[in-house]
>>> print(open('work_36.txt').read())   # compact mmCIF, C-alpha atoms and all ligand atoms
# COMPACT_ATOMS: atom_id res chain seq x y z
CA MET A 1 0.00 0.00 0.00
CA LYS A 2 1.63 3.19 -1.21
CA ILE A 3 0.44 6.72 -0.46
CA ALA A 4 1.52 9.67 -2.63
CA ILE A 5 1.71 13.26 -1.40
CA PRO A 6 2.26 15.54 -4.39
CA ARG A 7 3.15 19.22 -4.26
CA GLU A 8 0.11 21.48 -4.68
CA THR A 9 0.31 23.49 -7.88
CA ARG A 10 -2.86 25.59 -7.96
CA GLU A 11 -2.43 29.33 -7.59
CA ASN A 12 -2.29 30.63 -4.00
CA GLU A 13 -2.06 27.10 -2.60
CA THR A 14 0.58 26.89 0.10
CA ARG A 15 -0.77 23.91 2.03
CA VAL A 16 0.28 20.26 1.90
CA ALA A 17 -1.97 17.22 2.40
CA ALA A 18 0.30 15.31 4.79
CA VAL A 19 2.69 16.57 7.45
CA PRO A 20 5.57 14.61 9.01
CA GLU A 21 3.34 13.66 11.98
CA THR A 22 0.70 12.00 9.75
CA VAL A 23 3.34 10.44 7.48
CA LYS A 24 4.83 8.75 10.53
CA LYS A 25 1.40 7.46 11.54
CA PHE A 26 0.66 6.10 8.04
CA VAL A 27 4.07 4.37 8.02
CA GLY A 28 3.18 2.94 11.43
CA LEU A 29 0.08 1.40 9.85
CA GLY A 30 2.28 -0.37 7.29
CA ALA A 31 1.98 2.10 4.40
CA GLU A 32 4.79 3.30 2.18
CA VAL A 33 4.69 7.08 1.69
CA ALA A 34 6.20 9.07 -1.20
CA VAL A 35 6.32 12.86 -0.88
CA GLN A 36 7.10 15.10 -3.83
CA SER A 37 10.20 17.18 -3.17
CA GLY A 38 9.25 20.62 -1.89
CA ALA A 39 5.64 19.62 -1.16
CA GLY A 40 5.89 20.93 2.40
CA ASP A 41 8.11 23.94 1.73
CA GLY A 42 5.20 26.43 1.73
CA ALA A 43 4.12 25.12 5.13
CA SER A 44 7.62 25.00 6.64
CA PHE A 45 7.93 21.20 6.47
CA PRO A 46 11.19 20.49 4.59
CA ASP A 47 11.87 17.26 2.69
CA ALA A 48 14.22 16.14 5.45
CA ALA A 49 11.40 16.18 8.02
CA TYR A 50 9.33 13.87 5.81
CA GLU A 51 12.32 11.56 5.34
CA THR A 52 12.82 11.40 9.11
CA ALA A 53 9.15 10.49 9.40
CA GLY A 54 9.70 7.53 7.07
CA ALA A 55 8.76 8.89 3.64
CA THR A 56 10.74 8.67 0.42
CA ILE A 57 11.13 11.85 -1.60
CA ALA A 58 10.21 11.82 -5.29
CA LYS A 59 11.28 14.49 -7.77
CA THR A 60 8.23 15.04 -9.96
CA PHE A 61 4.44 14.79 -9.73
CA ALA A 62 4.48 11.74 -12.01
CA ALA A 63 7.27 10.06 -10.04
CA THR A 64 5.39 10.65 -6.78
CA LEU A 65 2.26 8.99 -8.14
CA LYS A 66 4.09 6.03 -9.69
CA GLY A 67 2.85 2.83 -8.08
CA ALA A 68 0.67 4.69 -5.56
CA ASP A 69 -2.65 3.25 -4.44
CA ILE A 70 -3.76 6.41 -2.65
CA VAL A 71 -3.09 10.04 -3.59
CA LEU A 72 -3.68 12.66 -0.91
CA LYS A 73 -4.03 16.26 -1.99
CA ILE A 74 -5.48 19.52 -0.70
CA LEU A 75 -7.10 20.66 -3.96
CA ARG A 76 -8.19 18.77 -7.07
CA PRO A 77 -5.41 18.14 -9.61
CA SER A 78 -5.05 20.23 -12.75
CA GLU A 79 -6.11 18.84 -16.12
CA ALA A 80 -2.45 18.21 -16.95
CA GLU A 81 -1.89 16.36 -13.67
CA VAL A 82 -4.80 14.01 -14.36
CA LYS A 83 -2.63 12.47 -17.10
CA SER A 84 -0.23 11.10 -14.46
CA PHE A 85 -2.97 9.11 -12.70
CA VAL A 86 -3.64 5.49 -13.56
CA LYS A 87 -6.79 3.40 -13.38
CA GLY A 88 -7.74 2.29 -9.91
CA GLN A 89 -5.81 4.95 -7.99
CA MET A 90 -7.77 6.53 -5.17
CA LEU A 91 -7.66 10.32 -4.85
CA PHE A 92 -8.78 12.15 -1.70
CA CYS A 93 -8.94 15.97 -1.77
CA THR A 94 -11.28 18.94 -2.03
CA MET A 95 -12.79 18.30 -5.45
CA SER A 96 -15.24 21.24 -6.00
CA PRO A 97 -17.24 19.08 -8.45
CA HIS A 98 -20.07 21.61 -8.77
CA SER A 99 -17.76 24.34 -10.03
CA ASP A 100 -15.43 22.05 -12.01
CA ARG A 101 -17.49 19.13 -13.20
CA ALA A 102 -15.19 18.56 -16.19
CA LEU A 103 -12.32 17.59 -13.90
CA THR A 104 -14.45 15.00 -12.07
CA ASP A 105 -15.51 13.59 -15.44
CA ALA A 106 -11.88 13.47 -16.60
CA LEU A 107 -10.89 11.52 -13.47
CA ALA A 108 -13.80 9.12 -13.95
CA GLU A 109 -12.77 8.56 -17.57
CA LYS A 110 -9.27 7.68 -16.41
CA GLY A 111 -10.75 5.17 -13.96
CA VAL A 112 -9.54 7.15 -10.94
CA GLU A 113 -11.58 6.61 -7.77
CA ALA A 114 -12.14 10.22 -6.68
CA PHE A 115 -13.36 11.21 -3.22
CA ALA A 116 -14.44 14.76 -2.30
CA MET A 117 -13.40 15.48 1.26
CA GLU A 118 -15.72 18.50 1.40
CA PHE A 119 -18.71 16.14 1.09
CA MET A 120 -17.91 14.50 4.44
CA PRO A 121 -21.27 13.95 6.20
CA ARG A 122 -21.72 16.27 9.16
CA ILE A 123 -22.26 13.69 11.84
CA SER A 124 -20.44 13.45 15.18
CA ARG A 125 -18.25 10.53 14.09
CA ALA A 126 -16.92 12.54 11.15
CA GLN A 127 -16.05 15.75 13.01
CA SER A 128 -12.35 14.89 13.12
CA MET A 129 -12.37 14.27 9.35
CA ASP A 130 -14.18 17.44 8.33
CA VAL A 131 -11.89 19.60 6.16
CA LEU A 132 -14.51 22.33 5.77
CA SER A 133 -14.60 22.82 9.54
CA SER A 134 -10.88 22.56 10.17
CA GLN A 135 -10.11 25.14 7.48
CA ALA A 136 -13.10 27.43 8.15
CA ASN A 137 -12.12 27.72 11.80
CA LEU A 138 -8.69 29.04 10.80
CA ALA A 139 -10.20 31.29 8.12
CA GLY A 140 -12.54 32.88 10.68
CA TYR A 141 -9.65 33.63 12.99
CA LYS A 142 -7.40 34.95 10.23
CA ALA A 143 -10.17 37.13 8.75
CA VAL A 144 -10.31 39.13 11.99
CA ILE A 145 -6.52 39.35 12.24
CA GLU A 146 -6.29 40.59 8.63
CA ALA A 147 -9.11 43.08 9.20
CA ALA A 148 -7.40 44.37 12.34
CA ASN A 149 -4.17 44.70 10.38
CA ALA A 150 -5.81 46.71 7.60
CA TYR A 151 -7.73 48.90 10.08
CA GLY A 152 -6.14 52.24 10.85
CA ARG A 153 -7.37 52.18 14.43
CA ALA A 154 -7.09 49.95 17.49
CA MET A 155 -9.56 47.15 18.25
CA PRO A 156 -9.96 47.40 22.04
CA GLN A 157 -11.02 50.35 24.09
CA MET A 158 -7.91 52.11 25.42
CA MET A 159 -7.91 54.67 28.18
CA THR A 160 -4.75 56.69 27.70
CA ALA A 161 -3.40 59.91 29.14
CA ALA A 162 -4.04 61.50 25.76
CA GLY A 163 -7.66 60.39 25.70
CA THR A 164 -9.85 57.35 25.17
CA ILE A 165 -9.86 55.17 22.06
CA ALA A 166 -13.28 53.69 21.34
CA PRO A 167 -13.50 49.91 20.77
CA ALA A 168 -14.08 48.74 17.19
CA LYS A 169 -17.56 47.56 16.24
CA VAL A 170 -17.43 44.27 14.37
CA PHE A 171 -20.39 42.59 12.63
CA ILE A 172 -20.16 38.92 11.61
CA MET A 173 -22.60 37.75 8.94
CA GLY A 174 -23.02 33.97 8.87
CA VAL A 175 -22.33 32.13 12.11
CA GLY A 176 -21.07 28.73 11.01
CA VAL A 177 -17.66 27.42 11.95
CA ALA A 178 -15.79 30.43 10.49
CA GLY A 179 -18.25 32.97 11.90
CA LEU A 180 -18.09 31.55 15.44
CA GLN A 181 -14.29 31.69 15.41
CA ALA A 182 -14.43 35.23 14.00
CA ILE A 183 -16.74 36.29 16.86
CA ALA A 184 -14.45 34.70 19.45
CA THR A 185 -11.34 36.29 17.93
CA ALA A 186 -12.88 39.77 17.63
CA ARG A 187 -14.09 39.51 21.24
CA ARG A 188 -10.61 38.49 22.41
CA LEU A 189 -9.22 41.57 20.69
CA GLY A 190 -11.66 43.72 22.62
CA ALA A 191 -14.17 44.62 19.90
CA ILE A 192 -17.91 45.10 20.37
CA VAL A 193 -19.30 42.22 18.35
CA SER A 194 -22.68 41.51 16.77
CA ALA A 195 -23.66 38.71 14.40
CA THR A 196 -26.44 37.44 12.18
CA ASP A 197 -27.46 34.12 10.63
CA VAL A 198 -30.57 32.52 9.16
CA ARG A 199 -30.38 29.38 11.32
CA PRO A 200 -32.16 29.73 14.70
CA ALA A 201 -29.60 27.45 16.42
CA THR A 202 -27.00 30.19 16.05
CA GLU A 203 -28.77 32.68 18.33
CA GLU A 204 -27.71 30.88 21.50
CA GLN A 205 -24.18 30.28 20.18
CA VAL A 206 -23.73 33.98 19.44
CA ALA A 207 -24.99 34.93 22.90
CA SER A 208 -22.70 32.40 24.58
CA LEU A 209 -19.70 34.13 22.98
CA GLY A 210 -20.81 37.48 24.35
CA ALA A 211 -21.99 38.95 21.05
CA LYS A 212 -25.36 40.46 20.11
CA PHE A 213 -27.62 38.50 17.73
CA ILE A 214 -29.49 40.29 14.97
CA ALA A 215 -31.86 38.46 12.59
CA VAL A 216 -35.27 38.48 10.94
CA LYS A 217 -37.03 35.85 13.08
CA ASN A 218 -40.06 34.85 11.02
CA GLU A 219 -41.48 31.43 10.09
CA GLU A 220 -38.93 30.94 7.32
CA PHE A 221 -36.11 31.56 9.83
CA GLU A 222 -37.49 28.77 12.05
CA GLN A 223 -37.17 26.32 9.11
CA ALA A 224 -33.88 27.56 7.65
CA GLN A 225 -31.67 24.68 8.72
CA THR A 226 -31.38 21.48 6.68
CA ALA A 227 -31.10 18.06 8.31
CA GLY A 228 -27.39 18.24 7.47
CA GLY A 229 -26.98 21.37 9.59
CA TYR A 230 -26.53 23.74 6.64
CA ALA A 231 -28.54 26.83 5.72
CA LYS A 232 -31.22 26.66 3.02
CA GLU A 233 -31.35 29.28 0.32
CA MET A 234 -33.72 31.97 1.64
CA SER A 235 -36.62 33.46 -0.35
CA ASP A 236 -36.33 36.87 -2.03
CA ASP A 237 -38.83 38.21 0.49
CA TYR A 238 -36.69 37.04 3.43
CA LYS A 239 -33.55 38.49 1.84
CA LYS A 240 -35.33 41.84 1.43
CA GLN A 241 -36.40 41.91 5.10
CA GLN A 242 -32.91 40.84 6.15
CA ALA A 243 -31.34 43.62 4.04
CA GLU A 244 -33.63 46.22 5.58
CA LEU A 245 -32.78 45.04 9.09
CA VAL A 246 -29.01 45.00 8.65
CA ALA A 247 -28.67 48.12 6.47
CA GLY A 248 -28.83 50.56 9.39
CA HIS A 249 -26.58 48.32 11.51
CA ILE A 250 -23.85 48.00 8.89
CA ALA A 251 -23.60 51.79 8.53
CA LYS A 252 -22.44 51.96 12.17
CA GLN A 253 -19.81 49.18 11.94
CA ASP A 254 -16.04 49.49 11.68
CA MET A 255 -15.61 45.95 10.36
CA VAL A 256 -17.95 43.51 8.68
CA ILE A 257 -16.90 39.91 8.15
CA THR A 258 -19.12 37.81 5.90
CA THR A 259 -19.02 34.00 5.85
CA ALA A 260 -22.46 33.00 4.48
CA LEU A 261 -22.48 29.95 2.21
CA ILE A 262 -25.15 27.69 0.74
CA PRO A 263 -23.68 24.29 -0.18
CA GLY A 264 -23.46 23.75 -3.94
CA ARG A 265 -24.83 27.22 -4.76
CA LYS A 266 -23.59 30.74 -5.27
CA ALA A 267 -23.16 32.60 -1.97
CA PRO A 268 -25.98 35.05 -1.13
CA ILE A 269 -25.31 38.80 -1.48
CA LEU A 270 -25.71 40.21 2.03
CA VAL A 271 -23.92 43.55 1.72
CA THR A 272 -25.04 45.67 -1.22
CA LYS A 273 -23.11 48.51 -2.86
CA GLU A 274 -25.40 50.97 -1.04
CA MET A 275 -24.54 49.38 2.32
CA VAL A 276 -20.82 49.60 1.54
CA ALA A 277 -21.33 53.25 0.56
CA SER A 278 -23.06 53.90 3.92
CA MET A 279 -19.97 52.82 5.90
CA LYS A 280 -17.45 55.27 7.36
CA PRO A 281 -14.10 55.85 5.62
CA GLY A 282 -11.53 53.46 7.05
CA SER A 283 -14.05 50.67 7.61
CA ILE A 284 -13.03 47.15 6.60
CA LEU A 285 -15.04 44.36 5.00
CA VAL A 286 -13.70 40.82 4.71
CA ASP A 287 -15.64 38.54 2.35
CA LEU A 288 -14.89 34.90 3.17
CA ALA A 289 -17.41 33.75 0.57
CA VAL A 290 -15.60 35.54 -2.27
CA GLU A 291 -14.57 32.26 -3.88
CA GLN A 292 -18.22 31.18 -4.08
CA GLY A 293 -19.33 34.44 -5.69
CA GLY A 294 -19.10 36.64 -2.60
CA ASN A 295 -21.45 38.07 0.06
CA VAL A 296 -20.30 41.65 -0.57
CA GLU A 297 -21.08 43.52 -3.77
CA GLY A 298 -17.81 44.78 -5.22
CA ALA A 299 -15.58 42.18 -3.51
CA LYS A 300 -12.99 40.69 -5.85
CA PHE A 301 -11.43 37.26 -5.48
CA GLY A 302 -7.80 37.55 -4.44
CA GLU A 303 -7.90 41.35 -4.38
CA THR A 304 -8.17 44.33 -2.06
CA VAL A 305 -10.69 46.89 -3.25
CA VAL A 306 -10.80 50.40 -1.81
CA THR A 307 -14.10 52.14 -2.59
CA ASP A 308 -14.62 55.83 -3.40
CA ASN A 309 -15.77 56.42 0.17
CA GLY A 310 -12.58 54.89 1.62
CA VAL A 311 -13.93 51.48 2.62
CA THR A 312 -11.57 48.53 2.12
CA ILE A 313 -13.01 45.22 0.89
CA LEU A 314 -10.66 42.28 1.41
CA GLY A 315 -11.36 39.28 -0.83
CA PHE A 316 -8.60 36.87 0.13
CA ALA A 317 -7.93 33.80 -1.95
CA ASN A 318 -7.25 30.91 0.41
CA LEU A 319 -7.36 32.46 3.88
CA PRO A 320 -6.52 29.16 5.64
CA GLY A 321 -3.42 29.06 3.42
CA ARG A 322 -2.24 32.19 5.23
CA LEU A 323 -1.87 29.98 8.32
CA THR A 324 -0.33 27.32 6.20
CA ALA A 325 1.46 25.21 8.82
CA ASP A 326 -1.64 24.89 11.03
CA ALA A 327 -3.98 24.53 8.06
CA SER A 328 -1.82 21.74 6.60
CA ALA A 329 -1.53 19.93 9.93
CA LEU A 330 -5.30 19.97 10.50
CA TYR A 331 -6.14 18.98 6.91
CA ALA A 332 -3.54 16.19 7.12
CA ARG A 333 -5.12 14.90 10.34
CA ASN A 334 -8.56 15.02 8.70
CA HIS A 335 -7.18 12.74 5.95
CA PHE A 336 -5.53 10.43 8.48
CA ASN A 337 -8.60 10.22 10.74
CA PHE A 338 -10.77 9.28 7.76
CA LEU A 339 -8.44 6.69 6.22
CA SER A 340 -6.73 5.05 9.20
CA PRO A 341 -9.72 2.88 10.29
CA PHE A 342 -9.53 1.12 6.90
CA PHE A 343 -5.98 -0.15 7.44
CA LYS A 344 -5.65 -3.68 8.73
CA ASP A 345 -2.34 -5.56 9.01
CA GLY A 346 -0.69 -3.23 6.52
CA ALA A 347 -3.48 -3.65 3.96
CA PHE A 348 -6.06 -1.01 3.05
CA ALA A 349 -9.68 -1.71 2.18
CA LEU A 350 -12.43 0.89 2.17
CA ASP A 351 -15.74 -0.22 3.64
CA GLU A 352 -18.08 0.66 0.79
CA GLU A 353 -21.09 0.36 3.11
CA ASP A 354 -19.73 3.03 5.45
CA GLU A 355 -21.91 6.15 5.19
CA LEU A 356 -18.83 8.38 5.26
CA VAL A 357 -17.29 6.55 2.28
CA LYS A 358 -20.61 6.74 0.43
CA GLY A 359 -20.85 10.42 1.31
CA VAL A 360 -17.52 11.39 -0.23
CA ARG A 361 -17.16 8.97 -3.15
CA LEU A 362 -17.62 10.80 -6.46
CA THR A 363 -16.51 8.18 -9.01
CA ARG A 364 -16.43 4.43 -9.26
CA ASP A 365 -15.28 2.09 -12.03
CA GLY A 366 -15.14 4.87 -14.60
CA ALA A 367 -18.45 6.56 -13.75
CA VAL A 368 -19.53 9.56 -11.70
CA ILE A 369 -21.83 8.07 -9.07
CA HIS A 370 -22.38 10.68 -6.35
CA PRO A 371 -26.12 11.40 -5.98
CA GLN A 372 -25.46 15.16 -5.95
CA LEU A 373 -23.82 14.84 -9.38
CA THR A 374 -25.66 12.11 -11.23
CA GLY A 375 -28.53 14.52 -11.93
CA GLU A 376 -26.12 17.09 -13.35
CA LYS A 377 -25.03 16.87 -16.96
CA GLY A 378 -21.53 15.46 -17.26
P1 LIG B 1 -21.39 27.27 5.93
O1 LIG B 1 -19.93 27.52 5.71
O2 LIG B 1 -22.12 26.43 4.94
O3 LIG B 1 -22.13 28.68 6.04
C1 LIG B 1 -21.71 29.66 6.96
C2 LIG B 1 -22.90 30.22 7.69
O4 LIG B 1 -23.62 31.10 6.83
C3 LIG B 1 -23.91 29.20 8.20
O5 LIG B 1 -24.06 29.31 9.58
C4 LIG B 1 -25.19 29.56 7.44
O6 LIG B 1 -26.35 29.31 8.22
C5 LIG B 1 -24.98 31.03 7.19
N1 LIG B 1 -25.84 31.61 6.15
C6 LIG B 1 -26.25 31.06 4.98
N2 LIG B 1 -27.05 31.92 4.32
C7 LIG B 1 -27.16 33.05 5.07
C8 LIG B 1 -27.84 34.27 4.93
N3 LIG B 1 -28.62 34.54 3.86
N4 LIG B 1 -27.72 35.19 5.92
C9 LIG B 1 -26.96 34.94 7.02
N5 LIG B 1 -26.29 33.80 7.21
C10 LIG B 1 -26.39 32.85 6.25
O7 LIG B 1 -21.63 26.68 7.38
P2 LIG B 1 -20.62 25.81 8.26
O8 LIG B 1 -19.66 26.67 8.94
O9 LIG B 1 -20.11 24.75 7.40
O10 LIG B 1 -21.56 25.20 9.40
C11 LIG B 1 -22.92 24.81 9.19
C12 LIG B 1 -23.43 24.01 10.37
O11 LIG B 1 -22.89 22.70 10.38
C13 LIG B 1 -23.10 24.57 11.74
O12 LIG B 1 -24.22 24.38 12.57
C14 LIG B 1 -21.99 23.71 12.23
O13 LIG B 1 -21.89 23.70 13.64
C15 LIG B 1 -22.42 22.39 11.69
N6 LIG B 1 -21.29 21.46 11.59
C16 LIG B 1 -21.43 20.17 12.04
C17 LIG B 1 -20.36 19.30 11.94
C18 LIG B 1 -20.44 17.87 12.40
O14 LIG B 1 -21.28 17.56 13.21
N7 LIG B 1 -19.58 16.99 11.88
C19 LIG B 1 -19.17 19.72 11.38
C20 LIG B 1 -19.08 21.03 10.94
C21 LIG B 1 -20.15 21.90 11.04
>>> encode(input="work_36.txt", output="structure tokens", more="lines below")
Ligand code: NAD
Amino acid sequence: MKIAIPRETRENETRVAAVPETVKKFVGLGAEVAVQSGAGDGASFPDAAYETAGATIAKTFAATLKGADIVLKILRPSEAEVKSFVKGQMLFCTMSPHSDRALTDALAEKGVEAFAMEFMPRISRAQSMDVLSSQANLAGYKAVIEAANAYGRAMPQMMTAAGTIAPAKVFIMGVGVAGLQAIATARRLGAIVSATDVRPATEEQVASLGAKFIAVKNEEFEQAQTAGGYAKEMSDDYKKQQAELVAGHIAKQDMVITTALIPGRKAPILVTKEMVASMKPGSILVDLAVEQGGNVEGAKFGETVVTDNGVTILGFANLPGRLTADASALYARNHFNFLSPFFKDGAFALDEEDELVKGVRLTRDGAVIHPQLTGEKG
């Protein structure tokens, strides 16, 4: 059983799918591990650390994959990289099949068994395998740190001999894993924090972190959570009421951090151009949903936009990648926690009846089989 850890090649990707700690554990289970030279450089894990952990170092992507049964990556391979895969290899990574269906199809055609880690079912048993949570938690923290860095004022209240500095007002929109960590981080930095979400369960969570909860609490709000724990897409009428409620609030904020996502769909617009225009010069917006279309009108993926009224909109590409060592270590543990139960006496066999395996498997024997994709045109 050989596991390959190639170097990530997509733009802005600094993370690596295995760290020396998880390599050592895989070797302990009887696996051979090949790491592409330089794979951990971006995350401060040099080749030598992988070698000490028991891995061999391979020069190229193709050489790393040669003879591998399992390929662990952070992001889906490029079209060119698909050529290096062979039939029967298992690939575990974030696959984004809704936004790049062609790549999933190409892997299926090659006979690669592709598994989308972001489809991990959200049940208690799978918490330690959940890449969306492990990365969103870091993104929520880093969003506040980046906002504080870009802000020309201090976050906490400061009583100084030269006068008092008022605490920053921070509004978090979307209180999932990233939003909760953003609230906690902004509170630790001394800000006055408020938050909104469409799922009723979040009200108590926001209060328990010492922040104020703001939301349109109608019948639709009571039903807004799916059985999987995610938000549903809200009606136009709800969105209108929500916009009216938050418009006045946003105008008074120093920082707004948006994290609202709907699985498999474009992110909802929560902050309109008019709302951005209503904010004070020097205010900061961080749009964590920018990769999925954005929650803030005018946010640009991978760019910093400064509006005419002096508001900065930060649209980071890969925020977890800005905490690359931690992000890699957590992602690597997610991989290990998912795969390790399937090792027995040095051999690896997935339990195809396991609901987690069923949840993440995209392709099988040359076909795309995931229920979320079989209805979509290939
Ligand atoms: P997410 O990244 O899909 O979305 C972020 C937040 O945006 C969510 O809280 C969502 O309700 C909110 N949102 C969506 N549309 C909105 C709108 N129009 N206005 C305001 N907010 C909006 O969510 P997530 O961070 O992945 O977490 C979703 C839920 O899943 C949470 O309850 C989390 O605790 C739960 N969860 C469970 C497990 C597990 O049990 N294994 C693991 C991770 C998360």
>>> atom_distance(input="work_36.txt", atom1="CA of Gly42 in chain A", atom2="CA of Ala148 in chain A")
24.4 Å
>>> atom_distance(input="work_36.txt", atom1="CA of Arg333 in chain A", atom2="CA of Ser134 in chain A")
9.6 Å
>>> closest_atom_pairs(input="work_36.txt", of="chain A", to="ligand LIG 1 (chain B)", cutoff="8 Å", atoms="all atoms listed in the file", output="JSON lines")
{"residue": "A:Pro121", "atom": "CA", "partner": "B:LIG1", "partner_atom": "N7", "distance": 6.7}
{"residue": "A:Arg122", "atom": "CA", "partner": "B:LIG1", "partner_atom": "N7", "distance": 3.5}
{"residue": "A:Ile123", "atom": "CA", "partner": "B:LIG1", "partner_atom": "O14", "distance": 4.2}
{"residue": "A:Ser124", "atom": "CA", "partner": "B:LIG1", "partner_atom": "O14", "distance": 4.6}
{"residue": "A:Arg125", "atom": "CA", "partner": "B:LIG1", "partner_atom": "N7", "distance": 7.0}
{"residue": "A:Ala126", "atom": "CA", "partner": "B:LIG1", "partner_atom": "N7", "distance": 5.2}
{"residue": "A:Gln127", "atom": "CA", "partner": "B:LIG1", "partner_atom": "N7", "distance": 3.9}
{"residue": "A:Ser128", "atom": "CA", "partner": "B:LIG1", "partner_atom": "N7", "distance": 7.6}
{"residue": "A:Asp130", "atom": "CA", "partner": "B:LIG1", "partner_atom": "C19", "distance": 6.3}
{"residue": "A:Leu132", "atom": "CA", "partner": "B:LIG1", "partner_atom": "O9", "distance": 6.3}
{"residue": "A:Ser133", "atom": "CA", "partner": "B:LIG1", "partner_atom": "C20", "distance": 5.0}
{"residue": "A:Ala136", "atom": "CA", "partner": "B:LIG1", "partner_atom": "O8", "distance": 6.7}
{"residue": "A:Met173", "atom": "CA", "partner": "B:LIG1", "partner_atom": "C9", "distance": 5.5}
{"residue": "A:Gly174", "atom": "CA", "partner": "B:LIG1", "partner_atom": "O4", "distance": 3.6}
{"residue": "A:Val175", "atom": "CA", "partner": "B:LIG1", "partner_atom": "O5", "distance": 4.2}
{"residue": "A:Gly176", "atom": "CA", "partner": "B:LIG1", "partner_atom": "O8", "distance": 3.2}
{"residue": "A:Val177", "atom": "CA", "partner": "B:LIG1", "partner_atom": "O8", "distance": 3.7}
{"residue": "A:Ala178", "atom": "CA", "partner": "B:LIG1", "partner_atom": "O8", "distance": 5.6}
{"residue": "A:Gly179", "atom": "CA", "partner": "B:LIG1", "partner_atom": "C2", "distance": 6.8}
{"residue": "A:Thr196", "atom": "CA", "partner": "B:LIG1", "partner_atom": "C9", "distance": 5.8}
{"residue": "A:Asp197", "atom": "CA", "partner": "B:LIG1", "partner_atom": "N5", "distance": 3.6}
{"residue": "A:Val198", "atom": "CA", "partner": "B:LIG1", "partner_atom": "C9", "distance": 4.8}
{"residue": "A:Arg199", "atom": "CA", "partner": "B:LIG1", "partner_atom": "O6", "distance": 5.1}
{"residue": "A:Ala201", "atom": "CA", "partner": "B:LIG1", "partner_atom": "O12", "distance": 7.3}
{"residue": "A:Thr202", "atom": "CA", "partner": "B:LIG1", "partner_atom": "O5", "distance": 7.2}
{"residue": "A:Ala224", "atom": "CA", "partner": "B:LIG1", "partner_atom": "O6", "distance": 7.8}
{"residue": "A:Gln225", "atom": "CA", "partner": "B:LIG1", "partner_atom": "O6", "distance": 7.1}
{"residue": "A:Gly228", "atom": "CA", "partner": "B:LIG1", "partner_atom": "O11", "distance": 7.0}
{"residue": "A:Gly229", "atom": "CA", "partner": "B:LIG1", "partner_atom": "O11", "distance": 4.4}
{"residue": "A:Tyr230", "atom": "CA", "partner": "B:LIG1", "partner_atom": "C11", "distance": 4.5}
{"residue": "A:Ala231", "atom": "CA", "partner": "B:LIG1", "partner_atom": "O6", "distance": 4.1}
{"residue": "A:Lys232", "atom": "CA", "partner": "B:LIG1", "partner_atom": "N2", "distance": 6.8}
{"residue": "A:Glu233", "atom": "CA", "partner": "B:LIG1", "partner_atom": "N2", "distance": 6.4}
{"residue": "A:Met234", "atom": "CA", "partner": "B:LIG1", "partner_atom": "N3", "distance": 6.1}
{"residue": "A:Lys239", "atom": "CA", "partner": "B:LIG1", "partner_atom": "N3", "distance": 6.6}
{"residue": "A:Gln242", "atom": "CA", "partner": "B:LIG1", "partner_atom": "N4", "distance": 7.7}
{"residue": "A:Thr259", "atom": "CA", "partner": "B:LIG1", "partner_atom": "C1", "distance": 5.2}
{"residue": "A:Ala260", "atom": "CA", "partner": "B:LIG1", "partner_atom": "O4", "distance": 3.2}
{"residue": "A:Leu261", "atom": "CA", "partner": "B:LIG1", "partner_atom": "O3", "distance": 4.1}
{"residue": "A:Ile262", "atom": "CA", "partner": "B:LIG1", "partner_atom": "O2", "distance": 5.3}
{"residue": "A:Pro263", "atom": "CA", "partner": "B:LIG1", "partner_atom": "O2", "distance": 5.8}
{"residue": "A:Ala267", "atom": "CA", "partner": "B:LIG1", "partner_atom": "N2", "distance": 7.4}
{"residue": "A:Pro268", "atom": "CA", "partner": "B:LIG1", "partner_atom": "N3", "distance": 5.7}
{"residue": "A:Ile269", "atom": "CA", "partner": "B:LIG1", "partner_atom": "N3", "distance": 7.6}
{"residue": "A:Leu270", "atom": "CA", "partner": "B:LIG1", "partner_atom": "N3", "distance": 6.6}
>>> closest_residue(input="work_36.txt", among="A:Thr363, A:Gln241, A:Gln223, A:Ser37", to="Pro200 in chain A", atoms="only C-alpha atoms")
A:Gln223
>>> atom_distance(input="work_36.txt", atom1="CA of Ile257 in chain A", atom2="CA of Val286 in chain A")
4.8 Å
>>> residues_around(input="work_36.txt", residues="Phe171 in chain A", least_positions_apart="6", cutoff="9 Å", atoms="all atoms listed in the file", output="count of residues only")
14
>>> residues_around(input="work_36.txt", residues="Met90 in chain A", least_positions_apart="4", cutoff="8 Å", atoms="all atoms listed in the file", output="ChimeraX atom specification")
/A:69-71,112-115
>>> residues_around(input="work_36.txt", residues="range 319-324 of chain A", least_positions_apart="6", cutoff="8 Å", atoms="only C-alpha atoms", output="PyMOL selection string")
chain A and resi 12-15+42-43+135-136+138-139+142-143+288
>>> decode(input="work_36.txt", residues="range 169-173 of chain A", atoms="N, CA and C atoms", output="short mmCIF file (atom, residue, chain, number, x, y, z; two decimals), in the first residue's frame")
data_model
loop_
_atom_site.label_atom_id
_atom_site.label_comp_id
_atom_site.auth_asym_id
_atom_site.auth_seq_id
_atom_site.Cartn_x
_atom_site.Cartn_y
_atom_site.Cartn_z
N LYS A 169 -16.29 48.31 16.34
CA LYS A 169 -17.56 47.56 16.24
C LYS A 169 -17.43 46.59 15.08
N VAL A 170 -17.62 45.32 15.38
CA VAL A 170 -17.43 44.27 14.37
C VAL A 170 -18.74 43.48 14.19
N PHE A 171 -19.15 43.32 12.94
CA PHE A 171 -20.39 42.59 12.63
C PHE A 171 -20.04 41.36 11.81
N ILE A 172 -20.45 40.18 12.31
CA ILE A 172 -20.16 38.92 11.61
C ILE A 172 -21.45 38.42 10.96
N MET A 173 -21.40 38.21 9.66
CA MET A 173 -22.60 37.75 8.94
C MET A 173 -22.40 36.29 8.51
#
